[in-house]
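Enquirer: The following file, upload-v6.cif, comprises mmCIF, C-alpha atoms and all ligand atoms:
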data_model
loop_
_atom_site.label_atom_id
_atom_site.label_comp_id
_atom_site.auth_asym_id
_atom_site.auth_seq_id
_atom_site.Cartn_x
_atom_site.Cartn_y
_atom_site.Cartn_z
CA MET A 1 -86.10 4.61 26.95
CA LEU A 2 -88.27 5.67 29.89
CA LEU A 3 -87.63 9.37 30.43
CA LEU A 4 -88.53 10.23 34.02
CA ASP A 5 -89.29 13.82 34.86
CA ARG A 6 -86.83 15.29 37.33
CA ARG A 7 -88.92 14.94 40.47
CA SER A 8 -89.82 11.30 39.91
CA LEU A 9 -86.19 10.63 39.00
CA LEU A 10 -85.02 12.08 42.30
CA THR A 11 -87.63 10.10 44.19
CA ALA A 12 -86.81 6.92 42.38
CA CYS A 13 -83.04 7.01 42.74
CA ALA A 14 -83.07 8.22 46.35
CA GLY A 15 -84.68 4.92 47.26
CA LEU A 16 -82.17 2.73 45.47
CA PRO A 17 -80.76 -0.09 47.64
CA LEU A 18 -77.23 0.43 48.87
CA ALA A 19 -74.57 -1.42 46.94
CA GLY A 20 -71.86 -3.32 48.80
CA PRO A 21 -68.15 -2.45 48.62
CA LEU A 22 -67.33 -1.81 44.99
CA SER A 23 -64.79 -4.10 43.32
CA ALA A 24 -62.94 -2.73 40.35
CA ALA A 25 -64.86 -5.09 38.04
CA ALA A 26 -68.27 -4.09 39.43
CA ARG A 27 -67.48 -0.38 39.66
CA PRO A 28 -70.08 1.66 37.76
CA VAL A 29 -69.21 4.45 35.37
CA GLY A 30 -67.51 7.14 37.45
CA LEU A 31 -69.28 10.36 38.38
CA GLY A 32 -66.57 12.32 36.54
CA GLU A 33 -67.27 10.42 33.33
CA LEU A 34 -71.03 10.86 33.71
CA ALA A 35 -70.62 14.60 34.31
CA ALA A 36 -68.38 14.87 31.24
CA ARG A 37 -71.27 13.70 29.07
CA SER A 38 -72.82 17.16 29.52
CA GLY A 39 -69.48 18.98 29.32
CA ARG A 40 -68.99 19.21 33.08
CA TYR A 41 -66.65 17.89 35.74
CA PHE A 42 -67.27 16.08 39.00
CA GLY A 43 -64.67 16.21 41.71
CA SER A 44 -63.91 16.08 45.39
CA ALA A 45 -61.80 17.79 47.97
CA VAL A 46 -58.76 15.61 48.63
CA THR A 47 -55.81 15.68 51.01
CA HIS A 48 -52.28 14.73 50.02
CA LEU A 49 -52.77 11.55 52.03
CA ASP A 50 -55.98 10.64 50.16
CA VAL A 51 -54.21 10.66 46.80
CA ALA A 52 -50.84 9.18 47.74
CA ASP A 53 -50.26 5.99 45.74
CA ALA A 54 -50.20 4.07 48.99
CA GLY A 55 -53.46 5.69 50.07
CA ASP A 56 -56.30 3.49 51.29
CA HIS A 57 -58.88 5.05 49.02
CA VAL A 58 -56.98 6.62 46.14
CA ARG A 59 -58.69 4.18 43.74
CA LEU A 60 -62.06 5.69 44.59
CA PHE A 61 -60.88 9.28 44.19
CA ASP A 62 -59.35 8.18 40.90
CA ALA A 63 -62.41 6.27 39.61
CA GLU A 64 -65.05 8.85 40.60
CA CYS A 65 -63.36 12.23 40.05
CA SER A 66 -62.14 14.12 37.02
CA VAL A 67 -61.15 17.07 39.25
CA TRP A 68 -59.45 17.21 42.65
CA VAL A 69 -59.35 20.16 45.05
CA PRO A 70 -56.78 20.32 47.87
CA ALA A 71 -58.94 20.50 51.03
CA TRP A 72 -56.41 22.53 53.00
CA GLU A 73 -52.87 22.17 51.65
CA MET A 74 -53.02 25.20 49.33
CA LYS A 75 -54.21 27.65 51.93
CA TRP A 76 -51.84 30.42 53.01
CA GLY A 77 -51.54 29.10 56.56
CA ALA A 78 -50.81 25.57 55.36
CA LEU A 79 -48.05 26.80 53.06
CA VAL A 80 -46.63 29.39 55.46
CA ALA A 81 -46.95 28.52 59.14
CA LYS A 82 -45.73 31.91 60.36
CA LEU A 83 -45.82 35.27 58.59
CA GLY A 84 -42.53 35.90 56.82
CA ALA A 85 -41.41 32.26 56.96
CA ALA A 86 -40.45 30.41 53.79
CA PRO A 87 -43.34 28.48 52.25
CA ASP A 88 -43.40 24.67 52.44
CA TYR A 89 -44.83 23.32 49.19
CA ARG A 90 -44.20 19.63 49.82
CA ALA A 91 -47.81 18.59 50.52
CA THR A 92 -49.19 20.69 47.67
CA ASP A 93 -46.51 19.47 45.26
CA ALA A 94 -47.47 15.89 46.22
CA ILE A 95 -51.08 16.52 45.24
CA VAL A 96 -50.00 18.15 41.97
CA ALA A 97 -47.77 15.17 41.16
CA ALA A 98 -50.50 12.65 42.02
CA ALA A 99 -53.01 14.52 39.86
CA ALA A 100 -50.58 14.51 36.95
CA ARG A 101 -49.94 10.76 37.33
CA ARG A 102 -53.66 10.01 37.36
CA GLY A 103 -54.77 12.55 34.77
CA LYS A 104 -56.83 14.70 37.11
CA ARG A 105 -57.40 18.43 36.72
CA LEU A 106 -56.82 20.53 39.84
CA ARG A 107 -58.93 23.37 41.22
CA GLY A 108 -56.86 25.65 43.42
CA HIS A 109 -58.42 26.52 46.79
CA THR A 110 -57.88 29.23 48.01
CA LEU A 111 -55.55 32.21 47.68
CA VAL A 112 -57.30 34.78 49.91
CA TRP A 113 -59.39 33.61 52.87
CA HIS A 114 -59.69 34.93 56.42
CA GLU A 115 -59.23 31.45 57.91
CA HIS A 116 -56.17 29.15 57.98
CA LEU A 117 -53.80 32.11 57.90
CA PRO A 118 -50.10 32.18 58.79
CA ALA A 119 -49.52 33.00 62.43
CA GLY A 120 -49.35 36.79 62.70
CA ALA A 121 -51.43 37.49 59.59
CA GLU A 122 -54.54 38.31 61.60
CA GLY A 123 -52.98 41.69 62.49
CA LEU A 124 -52.16 42.82 58.95
CA SER A 125 -53.95 46.11 58.27
CA SER A 126 -52.09 48.45 55.91
CA GLN A 127 -51.44 48.79 52.19
CA ALA A 128 -47.79 48.23 52.99
CA ASP A 129 -48.70 44.92 54.63
CA TRP A 130 -50.52 43.91 51.46
CA GLN A 131 -47.50 44.78 49.29
CA ARG A 132 -45.06 43.07 51.65
CA PHE A 133 -46.94 39.84 52.41
CA VAL A 134 -50.17 39.25 50.49
CA ALA A 135 -49.26 40.29 46.94
CA PRO A 136 -46.06 38.17 46.94
CA HIS A 137 -48.01 35.18 48.33
CA ILE A 138 -50.64 35.34 45.57
CA ALA A 139 -48.02 35.81 42.86
CA ALA A 140 -45.80 33.01 44.20
CA VAL A 141 -48.52 30.35 44.52
CA THR A 142 -50.37 31.08 41.28
CA GLY A 143 -47.04 31.38 39.47
CA ARG A 144 -45.70 28.10 40.88
CA TYR A 145 -48.81 26.20 39.78
CA ARG A 146 -49.65 28.17 36.64
CA ASP A 147 -49.55 24.98 34.52
CA ALA A 148 -51.10 22.68 37.12
CA ILE A 149 -54.21 24.55 38.27
CA PHE A 150 -56.96 25.12 35.70
CA GLU A 151 -59.29 27.05 38.01
CA TRP A 152 -58.71 29.01 41.21
CA ASP A 153 -60.90 30.09 44.08
CA VAL A 154 -59.06 33.40 44.25
CA VAL A 155 -61.07 34.95 47.08
CA ASN A 156 -63.19 32.90 49.48
CA GLU A 157 -66.06 34.11 51.69
CA ALA A 158 -65.70 37.87 51.08
CA ILE A 159 -69.31 38.56 52.09
CA GLU A 160 -70.61 38.75 55.66
CA PRO A 161 -73.70 40.98 56.15
CA TYR A 162 -73.50 40.62 59.92
CA ASP A 163 -70.13 42.43 59.96
CA GLY A 164 -71.90 45.70 59.16
CA ALA A 165 -69.28 46.82 56.64
CA ALA A 166 -70.13 48.71 53.45
CA ASN A 167 -71.49 46.56 50.61
CA LEU A 168 -72.10 43.64 53.02
CA MET A 169 -68.37 42.84 52.95
CA ARG A 170 -66.71 40.68 55.58
CA ARG A 171 -64.27 42.48 57.87
CA THR A 172 -61.04 40.53 57.31
CA PRO A 173 -57.34 41.51 57.41
CA PHE A 174 -57.53 41.83 53.61
CA TYR A 175 -60.47 44.25 53.89
CA ALA A 176 -58.50 46.19 56.53
CA MET A 177 -55.51 46.47 54.18
CA LEU A 178 -57.20 47.61 50.97
CA GLY A 179 -60.91 47.94 51.67
CA LEU A 180 -63.24 46.56 48.99
CA ASP A 181 -60.44 46.83 46.41
CA TYR A 182 -58.57 43.83 47.85
CA VAL A 183 -60.84 41.52 45.86
CA ALA A 184 -60.08 43.11 42.49
CA GLU A 185 -56.36 43.35 43.32
CA ALA A 186 -56.22 39.64 44.21
CA PHE A 187 -57.83 38.72 40.89
CA ARG A 188 -55.46 40.96 38.92
CA LEU A 189 -52.40 39.45 40.64
CA ALA A 190 -53.65 35.91 39.97
CA ALA A 191 -54.37 36.71 36.32
CA ASP A 192 -50.90 38.19 35.86
CA ALA A 193 -49.21 35.08 37.34
CA ALA A 194 -51.48 32.45 35.76
CA PRO A 195 -53.06 33.96 32.64
CA ALA A 196 -54.59 30.65 31.49
CA ALA A 197 -56.37 29.85 34.77
CA ARG A 198 -60.08 30.49 35.25
CA LEU A 199 -60.54 32.72 38.27
CA TYR A 200 -63.48 32.33 40.67
CA LEU A 201 -65.00 34.16 43.58
CA ASN A 202 -66.23 31.55 46.08
CA ASP A 203 -68.80 31.87 48.86
CA ASP A 204 -71.39 29.94 50.84
CA HIS A 205 -74.93 30.01 52.27
CA LEU A 206 -76.61 31.05 49.02
CA TYR A 207 -79.14 28.32 48.20
CA TYR A 208 -82.02 28.78 50.62
CA ALA A 209 -84.96 31.15 51.00
CA GLU A 210 -84.05 32.41 54.49
CA ASP A 211 -83.60 36.19 54.70
CA TRP A 212 -80.02 35.90 55.91
CA GLN A 213 -79.18 33.94 52.77
CA GLU A 214 -80.96 36.48 50.60
CA ARG A 215 -78.70 39.17 52.08
CA ARG A 216 -75.66 37.07 51.18
CA ARG A 217 -76.89 36.64 47.62
CA THR A 218 -77.33 40.42 47.45
CA GLY A 219 -73.78 40.98 48.69
CA VAL A 220 -72.32 38.45 46.27
CA LEU A 221 -74.15 39.91 43.27
CA ARG A 222 -73.22 43.47 44.24
CA LEU A 223 -69.55 42.51 44.46
CA LEU A 224 -69.59 40.55 41.20
CA GLU A 225 -71.38 43.36 39.33
CA ARG A 226 -68.70 45.75 40.58
CA LEU A 227 -65.87 43.44 39.51
CA VAL A 228 -67.32 42.64 36.08
CA GLY A 229 -68.21 46.29 35.52
CA ALA A 230 -64.62 47.32 36.26
CA GLY A 231 -63.21 44.76 33.83
CA VAL A 232 -61.59 42.72 36.62
CA PRO A 233 -60.57 39.22 35.32
CA VAL A 234 -63.24 37.23 37.21
CA HIS A 235 -64.48 34.29 35.17
CA GLY A 236 -66.74 32.36 37.49
CA PHE A 237 -68.56 32.09 40.79
CA GLY A 238 -68.24 29.13 43.15
CA MET A 239 -71.23 28.31 45.34
CA GLN A 240 -69.80 26.17 48.11
CA GLY A 241 -72.94 24.13 48.71
CA HIS A 242 -72.79 23.10 52.35
CA LEU A 243 -76.50 22.24 52.41
CA ASP A 244 -78.72 21.82 55.44
CA THR A 245 -82.00 19.88 55.62
CA ARG A 246 -83.33 22.36 58.21
CA LEU A 247 -83.44 25.23 55.73
CA ARG A 248 -86.16 26.14 53.23
CA PHE A 249 -85.38 25.71 49.54
CA ASP A 250 -87.32 27.83 47.04
CA GLU A 251 -86.59 26.75 43.49
CA GLY A 252 -87.65 30.07 41.99
CA ILE A 253 -85.32 32.06 44.24
CA PHE A 254 -82.40 29.80 43.39
CA ARG A 255 -83.14 29.89 39.66
CA ARG A 256 -83.26 33.71 39.72
CA PHE A 257 -79.89 33.81 41.47
CA LEU A 258 -78.35 31.52 38.85
CA ALA A 259 -79.85 33.68 36.09
CA ARG A 260 -78.25 36.81 37.60
CA LEU A 261 -74.87 35.06 37.58
CA GLU A 262 -75.39 33.99 33.96
CA ASP A 263 -76.34 37.56 33.01
CA LEU A 264 -72.92 38.64 34.30
CA GLY A 265 -71.32 36.24 31.82
CA LEU A 266 -69.90 34.06 34.59
CA THR A 267 -69.55 30.32 34.72
CA ILE A 268 -70.81 28.65 37.90
CA ALA A 269 -69.51 25.77 39.99
CA ILE A 270 -70.86 23.98 43.04
CA THR A 271 -67.55 23.82 44.87
CA GLU A 272 -68.03 22.15 48.29
CA LEU A 273 -71.22 20.06 48.22
CA ASP A 274 -72.23 18.16 51.33
CA VAL A 275 -75.39 17.94 53.46
CA THR A 276 -75.89 18.65 57.17
CA GLU A 277 -78.75 16.38 58.24
CA ALA A 278 -77.86 14.92 61.64
CA PRO A 279 -79.22 17.72 63.86
CA ASP A 280 -82.77 17.10 62.64
CA ALA A 281 -82.49 13.38 61.89
CA GLY A 282 -85.50 13.01 64.18
CA GLY A 283 -85.15 9.31 64.97
CA ARG A 284 -84.97 8.30 61.32
CA SER A 285 -82.95 5.21 60.39
CA VAL A 286 -79.51 5.77 58.86
CA ALA A 287 -80.86 4.50 55.54
CA ALA A 288 -83.71 7.01 55.65
CA ARG A 289 -81.30 9.81 56.61
CA ARG A 290 -79.07 8.98 53.66
CA ARG A 291 -82.05 9.04 51.30
CA ARG A 292 -83.04 12.42 52.73
CA ALA A 293 -79.53 13.80 52.23
CA ALA A 294 -79.57 12.50 48.66
CA ALA A 295 -82.89 14.23 48.02
CA GLU A 296 -81.54 17.51 49.49
CA ALA A 297 -78.49 17.45 47.23
CA GLY A 298 -80.63 16.36 44.29
CA LYS A 299 -83.00 19.33 44.71
CA ILE A 300 -80.16 21.80 44.28
CA VAL A 301 -77.99 19.98 41.74
CA SER A 302 -80.94 19.22 39.46
CA VAL A 303 -81.80 22.94 39.25
CA ALA A 304 -78.15 23.92 38.79
CA LEU A 305 -77.79 21.41 35.93
CA ASP A 306 -80.51 23.32 34.08
CA SER A 307 -78.00 26.17 33.77
CA PRO A 308 -75.61 25.95 30.82
CA ALA A 309 -73.24 28.09 32.91
CA LEU A 310 -72.71 25.27 35.42
CA THR A 311 -69.25 23.84 34.78
CA GLY A 312 -68.99 21.29 37.53
CA VAL A 313 -69.82 19.88 40.94
CA VAL A 314 -67.29 19.19 43.69
CA THR A 315 -68.22 17.40 46.90
CA TRP A 316 -66.28 18.30 50.01
CA GLY A 317 -64.84 14.84 50.38
CA LEU A 318 -66.28 11.55 49.17
CA SER A 319 -66.86 9.63 52.39
CA ASP A 320 -68.68 10.63 55.57
CA ALA A 321 -65.83 9.01 57.47
CA ASP A 322 -63.56 11.94 56.61
CA SER A 323 -66.12 14.75 56.50
CA TRP A 324 -65.26 18.04 58.21
CA LEU A 325 -68.93 18.19 59.19
CA ARG A 326 -68.43 15.41 61.74
CA ARG A 327 -65.82 17.47 63.53
CA ARG A 328 -68.13 20.48 63.89
CA SER A 329 -70.13 19.44 66.96
CA PRO A 330 -71.08 16.33 68.93
CA ASP A 331 -74.54 16.19 67.33
CA MET A 332 -72.85 15.93 63.94
CA ALA A 333 -70.66 12.95 64.85
CA ASP A 334 -72.59 10.52 62.57
CA ASN A 335 -73.73 12.98 59.90
CA GLN A 336 -74.71 11.29 56.62
CA GLY A 337 -73.92 13.93 54.02
CA LEU A 338 -71.67 12.61 51.22
CA PRO A 339 -71.84 10.16 48.26
CA PHE A 340 -69.99 7.39 50.10
CA ASP A 341 -70.48 6.04 53.61
CA ASP A 342 -67.95 5.33 56.35
CA ALA A 343 -66.87 2.14 54.59
CA TYR A 344 -66.54 4.01 51.28
CA ARG A 345 -69.64 2.28 49.90
CA PRO A 346 -71.96 4.32 47.64
CA THR A 347 -74.90 6.03 49.33
CA PRO A 348 -78.15 7.14 47.65
CA MET A 349 -76.46 10.52 47.09
CA ARG A 350 -74.03 8.89 44.68
CA ASP A 351 -76.92 7.33 42.80
CA THR A 352 -78.75 10.65 42.71
CA LEU A 353 -75.70 12.51 41.34
CA ALA A 354 -75.08 9.74 38.79
CA SER A 355 -78.70 9.82 37.59
CA LEU A 356 -78.76 13.61 37.35
CA PHE A 357 -75.47 13.79 35.44
CA ALA A 358 -76.61 11.00 33.09
CA SER A 359 -79.98 12.64 32.39
CA SER A 360 -78.79 16.26 32.08
CA ARG A 361 -80.40 17.87 29.05
CA THR A 362 -78.63 21.24 29.33
CA PRO A 363 -74.98 20.78 28.43
CA HIS A 364 -72.28 23.21 29.46
CA PRO A 365 -70.77 24.46 26.21
CA THR A 366 -67.03 23.67 26.30
O1 LIG B 1 -52.79 17.62 59.99
C1 LIG B 1 -52.38 18.80 59.37
C2 LIG B 1 -50.93 19.11 59.67
O2 LIG B 1 -50.10 18.01 59.24
C3 LIG B 1 -50.53 20.37 58.96
O3 LIG B 1 -49.19 20.71 59.21
C4 LIG B 1 -51.45 21.52 59.34
C5 LIG B 1 -51.13 22.74 58.52
O4 LIG B 1 -51.96 23.78 58.93
O5 LIG B 1 -52.84 21.14 59.12
C6 LIG B 1 -53.25 19.95 59.78
O6 LIG B 1 -54.55 19.50 59.47
C7 LIG B 1 -55.70 20.20 59.55
C8 LIG B 1 -56.43 19.86 58.22
O7 LIG B 1 -57.73 20.44 58.21
C9 LIG B 1 -56.58 18.36 58.06
O8 LIG B 1 -57.50 17.87 58.96
C10 LIG B 1 -55.59 21.71 59.63
O9 LIG B 1 -54.96 22.07 60.84
C11 LIG B 1 -57.00 22.30 59.58
O10 LIG B 1 -56.94 23.72 59.57
C12 LIG B 1 -57.70 21.86 58.31
O11 LIG B 1 -59.04 22.31 58.33
C13 LIG B 1 -59.61 22.53 57.03
C14 LIG B 1 -60.26 23.91 57.03
O12 LIG B 1 -60.97 24.15 55.81
C15 LIG B 1 -59.19 24.99 57.18
O13 LIG B 1 -58.27 24.87 56.11
C16 LIG B 1 -60.65 21.45 56.77
O14 LIG B 1 -59.99 20.19 56.62
C17 LIG B 1 -61.44 21.79 55.51
O15 LIG B 1 -62.51 20.86 55.34
C18 LIG B 1 -62.04 23.20 55.60
O16 LIG B 1 -62.66 23.48 54.39
C19 LIG B 1 -63.38 24.74 54.33
C20 LIG B 1 -63.17 25.35 52.96
O17 LIG B 1 -61.79 25.57 52.76
C21 LIG B 1 -63.96 26.65 52.83
N1 LIG B 1 -65.39 26.40 53.06
C22 LIG B 1 -65.66 25.80 54.38
C23 LIG B 1 -64.90 24.49 54.51
C24 LIG B 1 -65.21 23.83 55.82
O18 LIG B 1 -64.73 24.60 56.88
#
Mind turning the file's structure into structure tokens?

Expert:
Amino acid sequence: MLLLDRRSLLTACAGLPLAGPLSAAARPVGLGELAARSGRYFGSAVTHLDVADAGDHVRLFDAECSVWVPAWEMKWGALVAKLGAAPDYRATDAIVAAAARRGKRLRGHTLVWHEHLPAGAEGLSSQADWQRFVAPHIAAVTGRYRDAIFEWDVVNEAIEPYDGAANLMRRTPFYAMLGLDYVAEAFRLAADAAPAARLYLNDDHLYYAEDWQERRRTGVLRLLERLVGAGVPVHGFGMQGHLDTRLRFDEGIFRRFLARLEDLGLTIAITELDVTEAPDAGGRSVAARRRRAAAEAGKIVSVALDSPALTGVVTWGLSDADSWLRRRSPDMADNQGLPFDDAYRPTPMRDTLASLFASSRTPHPT
């Protein structure tokens, strides 16, 4: 068997010709199954419409993923439209039921985040507010899904160096209510309500050599060292992975960051992988842009797969047709950043992920 070194493998598979629409008979081994060969999972963000039995593309989410992540339905503002109102679990329950029918594991995303809040939550600022609104929300959601969610993003995007707060923390309503301690308190509440779930801190903009990303890595590590040192039940760190071809990747910097996470005894997940490439497409053909996006994802995933702490990779959607990136700005309207194209056909990124999962030599011990 020809064993390609990693770089030639990435080069080779990024140039693979596109396959046509995949029939069930011709469908290759799913990414979830390939990832499982090294003890890992592959998954995607899904909506309750994506995974409804009558969904247009549920077969693809079923065939490719071993893990699903609700893209928005589990967020506080999606469950509770207005502060104090009764939660509406119908969309989230639908995803849980679909996952059970199709044997998928579910990652919960996310209990505490400064976006997608109930109306009125932006003004919360006291410990009493936390006790009255936030603590019951965390306990209710993690308790309701204690047997359905194997892993939670408990707190999302806690770090923001530009906010000028102590310890590079982001100034959010949660920070206003309890200061830095809101993170530990959220993890303790989640652990009490769902003792079997693995609990993650999740954040973004951590992969590249730019100084502003180095400051974010510093903030994340400082927070995690504090949590682990205090015996807070934090089990893993989620690196969102919204990549960007305009930024500078330094393998050594990224490896050192992963090593620091490993030294803390944490497992690691790439939780929201996609690639922003349209703004500097520079006249390239769509095929060339897709190969470039595949190479960008491959750079990062290949290094992450060298870490035995890496438990899985989740893309933020499967098809560019549904990508949040395309809604960000007009110059992103045809971004090519996911493993399947607008017609749900595999792109070079799918081939790159498949090849990397299949050739991983560093299993995650399960
Ligand atoms: O259509 C629904 C409506 O039926 C529902 O009642 C309402 C409830 O709030 O939501 C409506 O849909 C929108 C949903 O996307 C589907 O398009 C929501 O308004 C909108 O807020 C939601 O945006 C999501 C966003 O997070 C906020 O939750 C995006 O889909 C999702 O891709 C994005 O994902 C975030 C991660 O959670 C964190 N990392 C960054 C990432 C991208 O912003």

Enquirer: What's around A:Pro279 at 10 Å? Count all atoms listed in the file, leave out sequence neighbours fewer than 6 positions away in its own chain, and write the answer as a PyMOL selection string.

Expert: chain A and resi 244-246+329-335

Enquirer: Dump as a Markdown table the rows for residues of chain A within 6 Å of ligand LIG 1 (chain B): closest atom pair and distance in Å with one decimal, all atoms listed in the file counted, ordered by chain and rising residue number.

Expert:
| residue | atom | partner | partner_atom | distance |
| --- | --- | --- | --- | --- |
| A:Ala71 | CA | B:LIG1 | C17 | 5.3 |
| A:Trp72 | CA | B:LIG1 | O13 | 4.3 |
| A:Gly77 | CA | B:LIG1 | O4 | 5.8 |
| A:Ala78 | CA | B:LIG1 | O4 | 4.2 |
| A:His116 | CA | B:LIG1 | O13 | 5.1 |
| A:Trp324 | CA | B:LIG1 | O15 | 4.9 |

Enquirer: Smallest atom-to-atom distance to A:Ala85: which of A:Tyr162, A:Trp68, A:Phe61, A:Phe133, using only C-alpha atoms?

Expert: A:Phe133

Enquirer: Pick out the residues sitting within 9 Å of stretch 94-97 of chain A, and hand them over as a list in words; count all atoms listed in the file, and ignore anything fewer than 5 positions along from it in its own chain.

Expert: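 In the requested format, the answer is Val46, Thr47, His48, Leu49, Val51, Ala52, Trp68, Pro70, Glu73, Tyr89, Arg102, Leu106, Tyr145, Ala148 and Ile149 of chain A.
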
Enquirer: Rounded to one decimal in Å, what is the spacing between atom CA of A:Asp203 and atom CA of A:Leu168?

Expert: 12.9 Å

Enquirer: Pick the closest to A:Ala193 from A:Gly143, A:Gly219, A:Pro173, A:Gly231: which is it, counting only C-alpha atoms?

Expert: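 Using only C-alpha atoms, the shortest distance to A:Ala193 belongs to A:Gly143.
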
Enquirer: For A:Leu243, which residue out of A:Ala230, A:Ala158, A:Val275, A:Ala259 is the nearest one, using all atoms listed in the file?

Expert: A:Val275

Enquirer: Skip A:Val67 itself and residues of its chain fewer than 3 positions away, then list as an mmCIF file with C-alpha atoms, in the frame of the given file all residues within 6 Å of it, counting only C-alpha atoms.

Expert:
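New file selection-v8.cif:
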data_model
loop_
_atom_site.group_PDB
_atom_site.id
_atom_site.type_symbol
_atom_site.label_atom_id
_atom_site.label_comp_id
_atom_site.auth_asym_id
_atom_site.auth_seq_id
_atom_site.Cartn_x
_atom_site.Cartn_y
_atom_site.Cartn_z
ATOM 1 C CA GLY A 43 -64.670 16.210 41.710
ATOM 2 C CA LYS A 104 -56.830 14.700 37.110
ATOM 3 C CA ARG A 105 -57.400 18.430 36.720
ATOM 4 C CA LEU A 106 -56.820 20.530 39.840
#

Enquirer: Can you pull out the residues contacting A:Tyr200? Cut-off 8 Å, using only C-alpha atoms, and skip same-chain residues under 2 positions away; I want them as a list of chain:residue names.

Expert: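 Result of the neighbour search: A:Glu151, A:Trp152, A:Asp153, A:Val154, A:Val155, A:Arg198, A:Asn202, A:Val234, A:His235, A:Gly236, A:Phe237, A:Gly238.
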
Enquirer: Can you write out the residues you just picked, keeping C-alpha atoms, as a PDB file, in the frame of the given file?

Expert:
ATOM      1  CA  GLU A 151     -59.290  27.050  38.010  1.00  0.00           C
ATOM      2  CA  TRP A 152     -58.710  29.010  41.210  1.00  0.00           C
ATOM      3  CA  ASP A 153     -60.900  30.090  44.080  1.00  0.00           C
ATOM      4  CA  VAL A 154     -59.060  33.400  44.250  1.00  0.00           C
ATOM      5  CA  VAL A 155     -61.070  34.950  47.080  1.00  0.00           C
ATOM      6  CA  ARG A 198     -60.080  30.490  35.250  1.00  0.00           C
ATOM      7  CA  ASN A 202     -66.230  31.550  46.080  1.00  0.00           C
ATOM      8  CA  VAL A 234     -63.240  37.230  37.210  1.00  0.00           C
ATOM      9  CA  HIS A 235     -64.480  34.290  35.170  1.00  0.00           C
ATOM     10  CA  GLY A 236     -66.740  32.360  37.490  1.00  0.00           C
ATOM     11  CA  PHE A 237     -68.560  32.090  40.790  1.00  0.00           C
ATOM     12  CA  GLY A 238     -68.240  29.130  43.150  1.00  0.00           C
TER      13      GLY A 238
END

Enquirer: As an exercise, work out the distance from atom CA of A:Asp351 to atom CA of A:Ala100 in Å and give it to one decimal place.

Expert: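 For atom CA of A:Asp351 relative to atom CA of A:Ala100, the distance reads 27.9 Å.
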
Enquirer: How many Å lie between atom CA of A:Cys65 and atom CA of A:Phe42, rounded to one decimal?

Expert: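 The value is 5.6 Å.
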
Enquirer: Could you check which of A:Leu201, A:Ala81, A:Ile138, A:Ala63 is closest to A:Gly103, using only C-alpha atoms?

Expert: A:Ala63

Enquirer: With distances taken over only C-alpha atoms, which residue among A:Ser302, A:Ser44, A:Ser307, A:Ser360 lies nearest A:Asp263?

Expert: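 Closest residue, counting only C-alpha atoms: A:Ser307.
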
Enquirer: Kindly indicate which residue among A:Ile159, A:Ala343, A:Leu325, A:Val80 lies nearest to A:Ala119, using all atoms listed in the file for the distances.

Expert: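 Of A:Ile159, A:Ala343, A:Leu325, A:Val80, the one nearest A:Ala119 is A:Val80, counting all atoms listed in the file.
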
Enquirer: Near A:Glu277, counting all atoms listed in the file, which residues have an atom at most 12 Å away, once you skip same-chain residues fewer than 3 positions from it, shown as a PyMOL selection string?

Expert: chain A and resi 242-247+274+280-284+286+288-297+320+325-326+331-338

Enquirer: Can you write just those residues out, C-alpha atoms, as a compact mmCIF listing (two decimals), in the coordinates of the input?

Expert:
# COMPACT_ATOMS: atom_id res chain seq x y z
CA HIS A 242 -72.79 23.10 52.35
CA LEU A 243 -76.50 22.24 52.41
CA ASP A 244 -78.72 21.82 55.44
CA THR A 245 -82.00 19.88 55.62
CA ARG A 246 -83.33 22.36 58.21
CA LEU A 247 -83.44 25.23 55.73
CA ASP A 274 -72.23 18.16 51.33
CA ASP A 280 -82.77 17.10 62.64
CA ALA A 281 -82.49 13.38 61.89
CA GLY A 282 -85.50 13.01 64.18
CA GLY A 283 -85.15 9.31 64.97
CA ARG A 284 -84.97 8.30 61.32
CA VAL A 286 -79.51 5.77 58.86
CA ALA A 288 -83.71 7.01 55.65
CA ARG A 289 -81.30 9.81 56.61
CA ARG A 290 -79.07 8.98 53.66
CA ARG A 291 -82.05 9.04 51.30
CA ARG A 292 -83.04 12.42 52.73
CA ALA A 293 -79.53 13.80 52.23
CA ALA A 294 -79.57 12.50 48.66
CA ALA A 295 -82.89 14.23 48.02
CA GLU A 296 -81.54 17.51 49.49
CA ALA A 297 -78.49 17.45 47.23
CA ASP A 320 -68.68 10.63 55.57
CA LEU A 325 -68.93 18.19 59.19
CA ARG A 326 -68.43 15.41 61.74
CA ASP A 331 -74.54 16.19 67.33
CA MET A 332 -72.85 15.93 63.94
CA ALA A 333 -70.66 12.95 64.85
CA ASP A 334 -72.59 10.52 62.57
CA ASN A 335 -73.73 12.98 59.90
CA GLN A 336 -74.71 11.29 56.62
CA GLY A 337 -73.92 13.93 54.02
CA LEU A 338 -71.67 12.61 51.22

Enquirer: Using all atoms of stretch 145-160 of chain A that appear in the file, construct an axis-aligned enclosing box with 4 Å of padding on every side and provide its centre coordinates and edge lengths in Å, rounded to one decimal, as lines of an AutoDock Vina configuration file.

Expert:
center_x = -59.7
center_y = 30.7
center_z = 45.1
size_x = 29.8
size_y = 24.1
size_z = 29.1
